[in-house]
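J.: Let me give you the structure first, and then I'll get to my questions.
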Amino acid sequence: MKTPAPGHGRTEARERSRSARPEGARGRGLRALAVLVCLGAPVPAVAQVVGNPPESSPYRDIVYHESVTLFGGHWAGNAADADVGSLPGTAFGGRLAVRLSGPVELWATLGEAVSSRHVIIADTSVTHTDSARRGPDIRMPLVLADLALALNVTGDKTWHRLAPYAAVGLGFVTPTRNVTDPGGYQVGFDFALVPTIGTRWFLSDALAVRFEVRDYYFRYQYPAAYFDSLDIHYAGPPPRASVLPVGNSNKSWTSNLTLWVGVAYGFSF
């Protein structure tokens with residue numbers, strides 16, 4: 001049996017230690033790389049999550065490009081300076097809307113205001129007095145028609161099912177029947193400026209409820225009898241009271257607010 005040479009055991013231990021060092025270094029390197037990968041892996045995932053997921057977004061596309069709306073509501077009217085303008089009543093109508101681009105629509109609106117007006121008898125040969133008198137009120141339904149451009153505030157989408165808008169239109173207002181008062185006054189055909197604000201509340205892709213405020217801005221024109229007497233032979237004091245102060249304009253611009261609620265149905269040609 002051979003006896004190991006002195007120092008032989010220490011030599012083998014050093015060789016085993018040297019051979020083990022590289023493996024330990026490689027292991028530590030692999031562990032460090034794994035940690036870096038784990039730390040870096042979530043970064044791209046976080047960067048990709050921006051905004052709301054589609055299913056929880058408050059915005060929804062407005063699918064259809066055309067719609068028809070049936071309205072009903074209140075016509076505030078305006079008696080104007082001479083107190084012969086349109087009085088409050090109900091209103092109804094319909095609209096065809098066509099989307100021209102994402103946020104812009106073209107409207108064609110036709111309606112009627114079921115109104116009436118006061119009658120002023122400014123002819124002394126009829127009143128047999130020295131001043132004008134008010135006669136019985138008469139019915140004066142008004143046809144309301146206009147073309148308008150509308151801007152949808154939320155573009156071609158809804159926000160929490162709401163689609164607010166603003167519009168301006170040009171059209172006309174005219175009575176369905178003309179009645180001329182003694183003295184020469186009557187309501188005729190007038191052009192109108194029609195600013196509008198409102199919103200649609202979508203119940204589904206095709207069905208929505210409209211809430212809308214419109215203003216029909218047009219003018220009345222008064223006859224000369226409203227400023228002076230038609231009875232040129234009257235000379236007794238005091239002078240006859242006129243309907244309007246002498247020197248006032250014979251034209252009166254009026255604002256006629258309309259509150260409408262409607263049901264809109266969307267479709268595409």
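By order of appearance in the structure tokens: chains A, B, ..., then residues from 1 within every chain, and ligands from 1 in the order shown.
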Using DSSP on the backbone coordinates, identify the residues of region 74-138 of chain A assigned to alpha helix (DSSP H); present them as an mmCIF file with C-alpha atoms, in the first residue's frame.

T.:
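out.cif was written with the following content:
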```cif
data_model
loop_
_atom_site.group_PDB
_atom_site.id
_atom_site.type_symbol
_atom_site.label_atom_id
_atom_site.label_comp_id
_atom_site.auth_asym_id
_atom_site.auth_seq_id
_atom_site.Cartn_x
_atom_site.Cartn_y
_atom_site.Cartn_z
ATOM 1 C CA THR A 124 -111.558 105.337 -35.927
ATOM 2 C CA SER A 125 -114.245 104.712 -38.491
ATOM 3 C CA VAL A 126 -114.581 101.260 -36.933
ATOM 4 C CA THR A 127 -113.956 102.033 -33.275
#
```

J.: Arg210 (chain A): which residues within 8 Å, counting only C-alpha atoms, same-chain residues fewer than 2 positions away excluded, as a list in words?

T.: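 Near Arg210 (chain A), the qualifying residues are Gly198, Thr199, Arg200, Trp201, Ala208, Glu212, Trp260, Val261, Gly262, Val263 and Ala264 of chain A.
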
J.: Write out as a list in words the residues lying within 10 Å of region 96-99 of chain A, counting only C-alpha atoms and excluding same-chain residues fewer than 6 positions away.

T.: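 Everything that qualifies: Tyr64, His65, Glu66, Ser67, Val68, Thr69, Leu70, Glu105, Leu106, Trp107, Ala108, Thr109, Leu110, Leu147, Ala148, Leu149, Ala150, Leu151, Asn152, Asp156, Ala264, Tyr265, Gly266, Phe267 and Ser268 of chain A.
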